$ cat query.txt   # compact mmCIF, C-alpha atoms
# COMPACT_ATOMS: atom_id res chain seq x y z
CA MET D 237 0.00 0.00 0.00
CA ASP D 238 1.67 3.23 -1.21
CA LEU D 239 0.84 6.03 1.21
CA SER D 240 3.45 8.55 0.08
CA SER D 241 0.72 10.80 -1.33
CA ALA D 242 -0.32 11.47 2.28
CA LEU D 243 2.65 13.84 2.47
CA ASP D 244 0.90 16.21 0.07
CA SER D 245 -1.57 17.24 2.79
CA LYS D 246 1.05 17.95 5.47
CA GLN D 247 2.88 21.15 6.30
CA PHE D 248 6.69 21.18 6.28
CA TYR D 249 8.83 23.42 8.47
CA ARG D 250 12.44 24.18 9.25
CA PHE D 251 13.39 24.66 12.92
CA THR D 252 16.84 26.13 13.53
CA GLY D 253 18.93 26.17 16.70
CA PRO D 254 22.37 25.32 18.09
CA PRO D 255 23.27 21.64 18.55
CA GLU D 256 23.17 21.82 22.35
CA HIS D 257 19.52 22.89 22.11
CA TRP D 258 18.76 20.00 19.80
CA LEU D 259 20.21 17.63 22.39
CA THR D 260 17.66 19.02 24.87
CA ALA D 261 14.93 18.57 22.24
CA ILE D 262 15.94 14.93 21.81
CA LYS D 263 16.02 14.40 25.56
CA TYR D 264 12.54 15.86 26.15
CA LEU D 265 10.97 15.57 22.66
CA THR D 266 10.11 19.26 22.77
CA TRP D 267 11.19 22.30 20.76
CA GLY D 268 10.70 25.94 21.70
CA LEU D 269 9.92 29.15 19.84
CA GLU D 270 10.17 32.83 20.79
CA SER D 271 7.12 34.74 22.07
CA ASP D 272 6.94 36.94 18.97
CA LEU D 273 6.24 33.85 16.84
CA ARG D 274 3.01 33.06 18.68
CA SER D 275 0.66 33.58 15.72
CA ARG D 276 2.77 31.29 13.53
CA TRP D 277 3.21 28.77 16.37
CA ALA D 278 -0.59 28.53 16.61
CA LYS D 279 -0.74 27.36 12.96
CA ILE D 280 1.54 24.36 13.50
CA GLN D 281 -0.53 21.18 13.63
CA THR D 282 -0.16 17.65 14.93
CA GLY D 283 1.38 15.51 12.20
CA ASP D 284 3.35 18.33 10.58
CA ILE D 285 6.92 17.47 9.57
CA PHE D 286 9.98 19.58 10.28
CA PHE D 287 13.64 19.47 9.37
CA ILE D 288 16.23 19.81 12.10
CA HIS D 289 18.75 22.52 11.23
CA SER D 290 21.69 22.81 13.59
CA THR D 291 23.63 26.07 13.51
CA GLY D 292 27.37 26.66 13.57
CA SER D 293 29.63 27.92 16.32
CA GLN D 294 28.66 31.58 15.76
CA SER D 295 25.33 30.93 17.53
CA SER D 296 26.41 28.07 19.79
CA ALA D 297 28.23 27.88 23.10
CA PHE D 298 30.43 25.12 21.63
CA SER D 299 33.34 25.45 19.24
CA ASN D 300 32.64 22.13 17.50
CA ALA D 301 29.17 23.23 16.33
CA ASN D 302 28.77 23.10 12.55
CA SER D 303 25.80 24.05 10.40
CA GLY D 304 23.79 21.35 8.71
CA ILE D 305 20.57 19.37 8.58
CA ILE D 306 20.78 16.62 11.19
CA GLY D 307 17.39 14.92 10.94
CA ILE D 308 13.64 14.97 10.51
CA GLY D 309 10.93 15.37 13.15
CA VAL D 310 7.17 14.98 13.57
CA VAL D 311 4.99 17.37 15.57
CA GLY D 312 2.98 15.71 18.33
CA TYR D 313 0.13 16.63 20.67
CA HIS D 314 -0.47 19.09 23.53
CA PHE D 315 1.17 22.39 22.67
CA SER D 316 2.05 24.27 25.85
CA LEU D 317 3.82 27.24 27.39
CA LYS D 318 6.68 27.16 29.86
CA ASN D 319 7.76 29.66 32.48
CA ASN D 320 11.08 28.10 33.46
CA TYR D 321 14.52 27.61 31.90
CA LEU D 322 15.12 24.55 29.73
CA TRP D 323 17.79 25.19 27.10
CA HIS D 324 21.50 25.79 27.73
CA PHE D 325 21.30 29.48 26.77
CA GLU D 326 18.28 30.04 29.05
CA ILE D 327 19.93 28.41 32.05
CA LYS D 328 23.19 30.32 31.52
CA ASN D 329 21.46 33.69 31.09
CA ASN D 330 18.44 33.26 33.41
CA ILE D 331 15.95 34.06 30.68
CA ASN D 332 12.86 32.26 29.37
CA GLN D 333 13.78 32.88 25.73
CA TRP D 334 11.68 30.15 24.09
CA PRO D 335 8.38 29.75 26.01
CA LEU D 336 6.25 28.42 23.13
CA LEU D 337 6.68 24.65 23.25
CA VAL D 338 6.20 22.45 20.19
CA PRO D 339 5.53 18.81 21.19
CA LEU D 340 7.38 16.12 19.24
CA THR D 341 6.59 12.43 18.84
CA GLU D 342 9.42 11.25 16.60
CA LEU D 343 12.93 12.40 15.71
CA TYR D 344 14.75 10.66 12.88
CA LEU D 345 18.43 11.54 13.21
CA PHE D 346 21.08 11.02 10.55
CA SER D 347 23.66 10.19 13.25
CA GLU D 348 23.44 7.82 16.19
CA ILE D 349 23.78 9.16 19.70
CA PRO D 350 23.57 7.31 23.05
CA ASP D 351 20.24 6.52 24.64
CA PRO D 352 18.93 9.85 26.05
CA ALA D 353 18.24 8.10 29.36
CA THR D 354 22.01 7.77 29.87
CA TRP D 355 22.92 11.48 29.68
CA GLN D 356 21.74 14.77 31.12
CA SER D 357 20.25 17.65 29.17
CA PRO D 358 22.95 20.25 28.36
CA THR D 359 23.57 22.87 31.04
CA PRO D 360 26.63 25.07 31.73
CA SER D 361 27.65 22.55 34.39
CA ASN D 362 28.09 19.60 32.01
CA ASP D 363 29.74 21.19 28.96
CA GLU D 364 32.35 18.43 28.62
CA GLN D 365 29.62 15.80 28.14
CA THR D 366 27.72 18.08 25.76
CA TYR D 367 30.80 18.69 23.61
CA LYS D 368 31.19 14.94 23.05
CA LEU D 369 27.47 14.47 22.28
CA ILE D 370 27.57 17.31 19.75
CA GLN D 371 30.45 15.58 18.00
CA GLN D 372 28.29 12.46 17.60
CA LEU D 373 25.10 14.35 16.74
CA LEU D 374 26.72 16.23 13.84
CA LYS D 375 28.71 13.32 12.43
CA ASN D 376 26.41 12.70 9.43
CA ARG D 377 24.97 16.19 9.01
CA VAL D 378 23.88 17.29 5.54
CA PRO D 379 25.32 20.69 4.51
CA ILE D 380 22.65 23.21 3.52
CA SER D 381 24.42 23.64 0.18
CA GLU D 382 23.44 20.09 -0.77
CA ILE D 383 19.70 20.89 -0.56
CA PRO D 384 18.83 23.51 -3.23
CA GLY D 385 16.08 25.84 -2.07
CA PHE D 386 16.36 25.06 1.64
CA PRO D 387 15.44 28.24 3.60
CA ILE D 388 18.13 29.67 5.87
CA ARG D 389 16.72 32.92 7.31
CA GLY D 390 15.35 33.08 10.84
CA SER D 391 14.77 30.35 13.41
CA PHE D 392 11.56 28.96 11.90
CA SER D 393 10.06 28.88 8.41
CA ARG D 394 7.95 26.88 6.01
CA VAL D 395 9.67 24.47 3.60
CA SER D 396 8.26 23.70 0.17
CA SER D 397 7.14 20.13 -0.50
CA GLU D 398 9.67 19.87 -3.34
CA VAL D 399 12.55 20.72 -1.01
CA ALA D 400 11.10 18.54 1.76
CA LYS D 401 10.99 15.47 -0.45
CA GLN D 402 14.65 15.92 -1.37
CA ILE D 403 15.47 15.28 2.29
CA LEU D 404 12.76 12.73 3.09
CA TYR D 405 13.73 10.45 0.23
CA GLN D 406 17.50 10.64 0.62
CA ASN D 407 18.99 7.18 0.86
CA ARG D 408 20.66 7.52 4.26
CA PRO D 409 20.20 5.59 7.54
CA LEU D 410 17.80 6.99 10.13
CA TYR D 411 17.99 6.59 13.91
CA LEU D 412 14.58 6.91 15.54
CA TYR D 413 14.05 8.51 18.95
CA SER D 414 10.42 8.65 20.06
CA GLY D 415 8.18 8.95 23.08
CA HIS D 416 6.11 11.54 24.95
CA SER D 417 6.88 15.25 25.05
CA LEU D 418 7.74 17.38 28.02
CA ARG D 419 4.82 19.73 28.74
CA GLY D 420 4.82 23.24 30.07
CA SER D 421 2.63 24.59 32.84
CA GLU D 422 -0.05 25.98 30.53
CA PHE D 423 -1.68 24.16 27.66
CA GLN D 424 -2.69 25.65 24.34
CA GLN D 425 -5.83 23.99 23.03
CA MET D 426 -5.15 24.16 19.32
CA PRO D 427 -8.44 24.26 17.39
CA SER D 428 -9.44 21.00 15.74
CA HIS D 429 -11.67 21.10 12.69
CA LEU D 430 -13.48 18.40 10.80
CA SER D 431 -12.34 18.64 7.19
CA GLU D 432 -13.81 17.08 4.07
CA VAL D 433 -11.98 13.91 3.02
CA LYS D 434 -12.49 12.16 -0.30
CA ASN D 435 -10.16 9.21 0.26
CA ALA D 436 -8.66 7.35 3.18
CA THR D 437 -5.14 8.61 2.57
CA GLU D 438 -6.27 12.14 3.39
CA THR D 439 -7.07 10.99 6.94
CA LEU D 440 -3.31 10.58 7.51
CA ARG D 441 -2.94 14.37 7.57
CA HIS D 442 -2.66 14.43 11.37
CA VAL D 443 -0.96 11.09 12.03
CA ALA D 444 1.99 12.04 14.23
CA SER D 445 4.42 9.58 12.68
CA LEU D 446 6.40 8.86 9.53
CA ARG D 447 6.33 5.12 10.09
CA PHE D 448 3.58 4.70 7.49
CA LEU D 449 6.14 5.47 4.76
CA ASN D 450 8.09 2.51 3.42
CA GLU D 451 10.79 4.96 2.33
CA VAL D 452 11.33 5.78 6.00
CA ASN D 453 10.81 2.32 7.53
CA ASN D 454 13.30 0.71 5.15
CA ARG D 455 16.06 3.07 6.33
CA LEU D 456 15.55 2.70 10.08
CA ILE D 457 18.48 1.48 12.13
CA THR D 458 16.79 0.19 15.28
CA LYS D 459 18.88 -0.79 18.28
CA PRO D 460 17.53 -1.44 21.80
CA TYR D 461 19.13 1.69 23.24
CA SER D 462 18.19 4.01 20.39
CA LEU D 463 14.48 3.29 20.12
CA THR D 464 12.04 4.30 22.83
CA ILE D 465 8.77 2.39 22.61
CA ARG D 466 5.66 4.55 22.49
CA ASP D 467 1.93 4.16 22.00
CA ASN D 468 1.38 2.69 18.52
CA ASP D 469 -2.19 3.97 18.31
CA ILE D 470 -0.98 6.95 16.30
CA LEU D 471 0.01 4.53 13.51
CA ALA D 472 -3.41 2.89 13.38
CA ARG D 473 -4.68 4.93 10.47
CA ALA D 474 -1.80 3.71 8.33
CA ASP D 475 -2.63 0.05 8.98
CA ALA D 476 -3.76 -1.62 5.74
CA ALA D 477 -6.94 -3.06 7.27
CA HIS D 478 -7.89 0.26 8.88
CA HIS D 479 -7.19 2.11 5.63
CA SER D 480 -9.36 -0.31 3.65
CA VAL D 481 -12.35 0.05 6.00
CA VAL D 482 -12.17 3.86 5.92
CA GLN D 483 -11.90 3.91 2.14
CA ASN D 484 -14.95 1.64 1.81
CA LEU D 485 -16.93 3.87 4.15
CA ILE D 486 -15.99 7.01 2.24
CA ASP D 487 -17.01 5.42 -1.06
CA ILE D 488 -20.32 4.14 0.33
CA PHE D 489 -21.40 7.43 1.86
CA ARG D 490 -20.20 9.74 -0.90
CA LYS D 491 -22.12 7.73 -3.51
CA ARG D 492 -25.24 8.39 -1.45
CA GLY D 493 -24.71 12.13 -1.23
CA TYR D 494 -23.21 12.31 2.25
CA SER D 495 -20.38 14.61 3.25
CA THR D 496 -17.42 12.68 4.68
CA LEU D 497 -15.16 14.41 7.20
CA ALA D 498 -12.26 13.60 9.51
CA ASN D 499 -9.65 15.23 11.73
CA GLU D 500 -6.77 14.17 13.99
CA PHE D 501 -9.21 12.35 16.28
CA VAL D 502 -12.20 11.28 14.22
CA ASP D 503 -11.69 8.41 11.77
CA LEU D 504 -14.80 9.32 9.80
CA PHE D 505 -17.94 11.40 10.25
CA ALA D 506 -20.60 11.19 7.52
CA HIS D 507 -23.78 13.26 7.32
CA ASN D 508 -26.40 14.44 4.83
CA GLY D 509 -27.76 17.34 6.84
CA GLU D 510 -30.41 15.22 8.55
CA ARG D 511 -28.73 11.94 9.49
CA SER D 512 -25.17 11.47 10.77
CA PHE D 513 -22.80 8.56 11.42
CA LEU D 514 -19.67 8.76 13.58
CA PHE D 515 -17.27 5.86 12.98
CA GLU D 516 -14.35 4.60 15.02
CA VAL D 517 -12.42 2.02 12.98
CA LYS D 518 -10.33 -0.65 14.69
CA SER D 519 -7.98 -3.22 13.18
CA THR D 520 -8.97 -6.40 14.98
CA GLU D 521 -8.67 -10.14 15.30
CA ASN D 522 -11.11 -12.16 17.38
CA LYS D 523 -8.52 -12.50 20.15
CA ASN D 524 -8.17 -8.73 20.63
CA PHE D 525 -11.72 -7.63 19.82
CA ARG D 526 -12.65 -6.78 23.42
CA SER D 527 -9.53 -4.73 24.12
CA GLN D 528 -9.86 -2.83 20.84
CA ALA D 529 -13.62 -2.37 21.28
CA ARG D 530 -13.08 -1.05 24.81
CA LYS D 531 -10.86 1.72 23.42
CA GLY D 532 -13.34 2.38 20.64
CA ILE D 533 -16.28 2.80 23.02
CA VAL D 534 -14.49 5.53 24.96
CA GLN D 535 -13.34 7.23 21.77
CA LEU D 536 -16.83 7.30 20.26
CA TYR D 537 -18.30 8.99 23.33
CA GLU D 538 -15.38 11.39 23.71
CA TYR D 539 -15.28 12.42 20.05
CA ASP D 540 -19.05 12.80 19.94
CA PHE D 541 -19.01 15.04 23.00
CA PHE D 542 -16.10 17.25 21.91
CA GLU D 543 -15.60 17.07 18.15
CA ILE D 544 -19.10 16.47 16.80
CA ASN D 545 -20.82 18.88 19.20
CA LYS D 546 -18.26 21.53 18.24
CA PHE D 547 -18.93 20.86 14.55
CA LYS D 548 -22.69 21.17 15.04
CA ARG D 549 -22.34 24.46 16.91
CA GLU D 550 -20.00 25.98 14.35
CA SER D 551 -22.10 24.73 11.41
CA ASN D 552 -25.40 25.65 13.07
CA ILE D 553 -26.73 22.22 12.19
CA SER D 554 -29.00 19.80 14.05
CA PHE D 555 -29.46 16.18 13.02
CA THR D 556 -32.75 14.32 13.42
CA GLU D 557 -30.88 11.00 13.64
CA GLU D 558 -27.36 10.45 15.00
CA TYR D 559 -25.50 7.14 15.15
CA ARG D 560 -22.16 6.11 16.67
CA ILE D 561 -20.59 3.03 15.13
CA LEU D 562 -17.63 0.82 15.99
CA ALA D 563 -16.22 -0.69 12.79
CA PRO D 564 -13.81 -3.61 13.41
CA SER D 565 -11.79 -4.81 10.44
CA ARG D 566 -12.92 -8.43 11.00
CA GLU D 567 -16.34 -9.72 11.93
CA PRO D 568 -16.31 -10.41 15.68
CA THR D 569 -17.71 -13.64 17.10
CA ASP D 570 -18.06 -12.36 20.68
CA LYS D 571 -21.86 -11.93 20.63
CA LYS D 572 -22.11 -11.15 24.35
CA TYR D 573 -19.76 -8.21 24.01
CA ILE D 574 -21.63 -6.98 20.95
CA ASP D 575 -24.85 -7.06 23.03
CA PHE D 576 -23.02 -4.99 25.64
CA ILE D 577 -21.91 -2.44 23.03
CA ASN D 578 -25.45 -2.21 21.64
CA SER D 579 -26.79 -1.63 25.16
CA LEU D 580 -24.67 1.54 25.22
CA GLU D 581 -26.53 2.75 22.12
CA LEU D 582 -23.54 2.09 19.92
CA GLY D 583 -23.62 0.08 16.73
CA VAL D 584 -21.13 -2.48 15.43
CA ALA D 585 -20.59 -3.09 11.73
CA VAL D 586 -18.08 -4.66 9.38
CA VAL D 587 -17.37 -3.03 6.04
CA SER D 588 -16.12 -4.61 2.83
CA ASP D 589 -16.81 -4.65 -0.90
CA GLN D 590 -18.78 -1.40 -0.70
CA LYS D 591 -21.22 -2.90 1.81
CA ILE D 592 -21.92 -2.27 5.49
CA LYS D 593 -23.02 -5.30 7.47
CA PRO D 594 -24.51 -4.63 10.93
CA ILE D 595 -23.39 -7.00 13.69
CA GLY D 596 -26.09 -7.09 16.32
CA GLN D 597 -28.66 -4.31 16.17
CA ASP D 598 -29.12 -2.16 13.06
CA PHE D 599 -28.10 1.37 14.01
CA GLY D 600 -29.35 3.30 10.99
CA PHE D 601 -27.60 1.28 8.31
CA SER D 602 -30.83 0.37 6.52
CA LYS D 603 -31.50 4.10 6.11
CA ILE D 604 -28.30 5.06 4.35

$ encode --input "query.txt" --output "structure tokens"
Amino acid sequence: MDLSSALDSKQFYRFTGPPEHWLTAIKYLTWGLESDLRSRWAKIQTGDIFFIHSTGSQSSAFSNANSGIIGIGVVGYHFSLKNNYLWHFEIKNNINQWPLLVPLTELYLFSEIPDPATWQSPTPSNDEQTYKLIQQLLKNRVPISEIPGFPIRGSFSRVSSEVAKQILYQNRPLYLYSGHSLRGSEFQQMPSHLSEVKNATETLRHVASLRFLNEVNNRLITKPYSLTIRDNDILARADAAHHSVVQNLIDIFRKRGYSTLANEFVDLFAHNGERSFLFEVKSTENKNFRSQARKGIVQLYEYDFFEINKFKRESNISFTEEYRILAPSREPTDKKYIDFINSLELGVAVVSDQKIKPIGQDFGFSKI
């Protein structure tokens, strides 16, 4: 399944800073921007891709700093503000220079460095350690001159998709560092919007990972100390079974005049102005149906309460019939659990070959 076209819907950025600050970013999976960039910071979205530009010694506290692109990153969840000192420059100068935190889920470095759990974030008190880590971090850097069109002005800018793909598809090893981001004391609730989707690949817009790309997976160098395990739910939309179910649903509903929408939370929401269907799709086998369904039940209620209610308010729309449906990729045989799900006023259905088959009670499917 070729999902490379999913990149066309994403935003690409360049974040620039000295190598000691990038070591802190790797340690805490967080980047920071200046206060005067707040309006631009607010436009960064979960799933966006950025290129890690490390500056030379003129803007670093270390003489072995050299300019170059040192990796690729993916923006995560829960943007926040900080009111303390985190980066080497901030600690040394007692200033909160970069309070706007950008959460990260994955960093793909061109060079291997030790497991972040084995070293401390750079501070003026551990410069000897930091000097050695910088040497390793910059070992396989890509000079800016090798990437025609790469922007170099300022600490933060957009990158064209043409330039981005030059870097993404370079045939060089990648070392993955992933996990959960450090959060500040205040959280910025970035607005989520349901957007029209016409095919399942478009739903990957906000997947906070690059693992759905074969071009990336095939280049990963994974060693026990260089890969931090994280929640794989963010990769679910790229699963072949999940993708197939969503595509079938989109085709079915669009042929019948429904609008089909999705965002970083909602797998699919279909409506025709009077009747609506909220779907949570799960890749399942019979052995994991209950555990997957349990997650899906919570997600359906949560997304209905937050995302769908928000959509209805903003669109000034009221539906006469509303249905919430769990869509496993395989037909479950656990009838007792299906009865339980139905008792919660949730439907269960399997989807294939342009058909929706209700499992248990019919929750509106006969009316599509």

$ atom_distance --input "query.txt" --atom1 "atom CA of Ala585 of chain D" --atom2 "atom CA of Ala563 of chain D"
5.1 Å

$ atom_distance --input "query.txt" --atom1 "atom CA of Phe489 of chain D" --atom2 "atom CA of Gln590 of chain D"
9.6 Å

$ residues_around --input "query.txt" --residues "Gly420 of chain D" --least-positions-apart "4" --cutoff "8 Å" --atoms "all atoms listed in the file" --output "PyMOL selection string"
chain D and resi 316-319+337

$ closest_residue --input "query.txt" --among "D:Phe515, D:Phe448, D:Phe346, D:Phe286" --to "Gln406 of chain D" --atoms "all atoms listed in the file"
D:Phe346

$ axis_aligned_box --input "query.txt" --around "segment 315-331 of chain D" --padding-each-side "3 Å" --output "JSON"
{"center_x": 12.2, "center_y": 28.2, "center_z": 28.1, "size_x": 28.0, "size_y": 17.7, "size_z": 16.8}

$ atom_distance --input "query.txt" --atom1 "atom CA of Leu369 of chain D" --atom2 "atom CA of Phe315 of chain D"
27.5 Å

$ closest_residue --input "query.txt" --among "D:Leu322, D:Val395, D:Ala353, D:Val452" --to "Asn407 of chain D" --atoms "all atoms listed in the file"
D:Val452
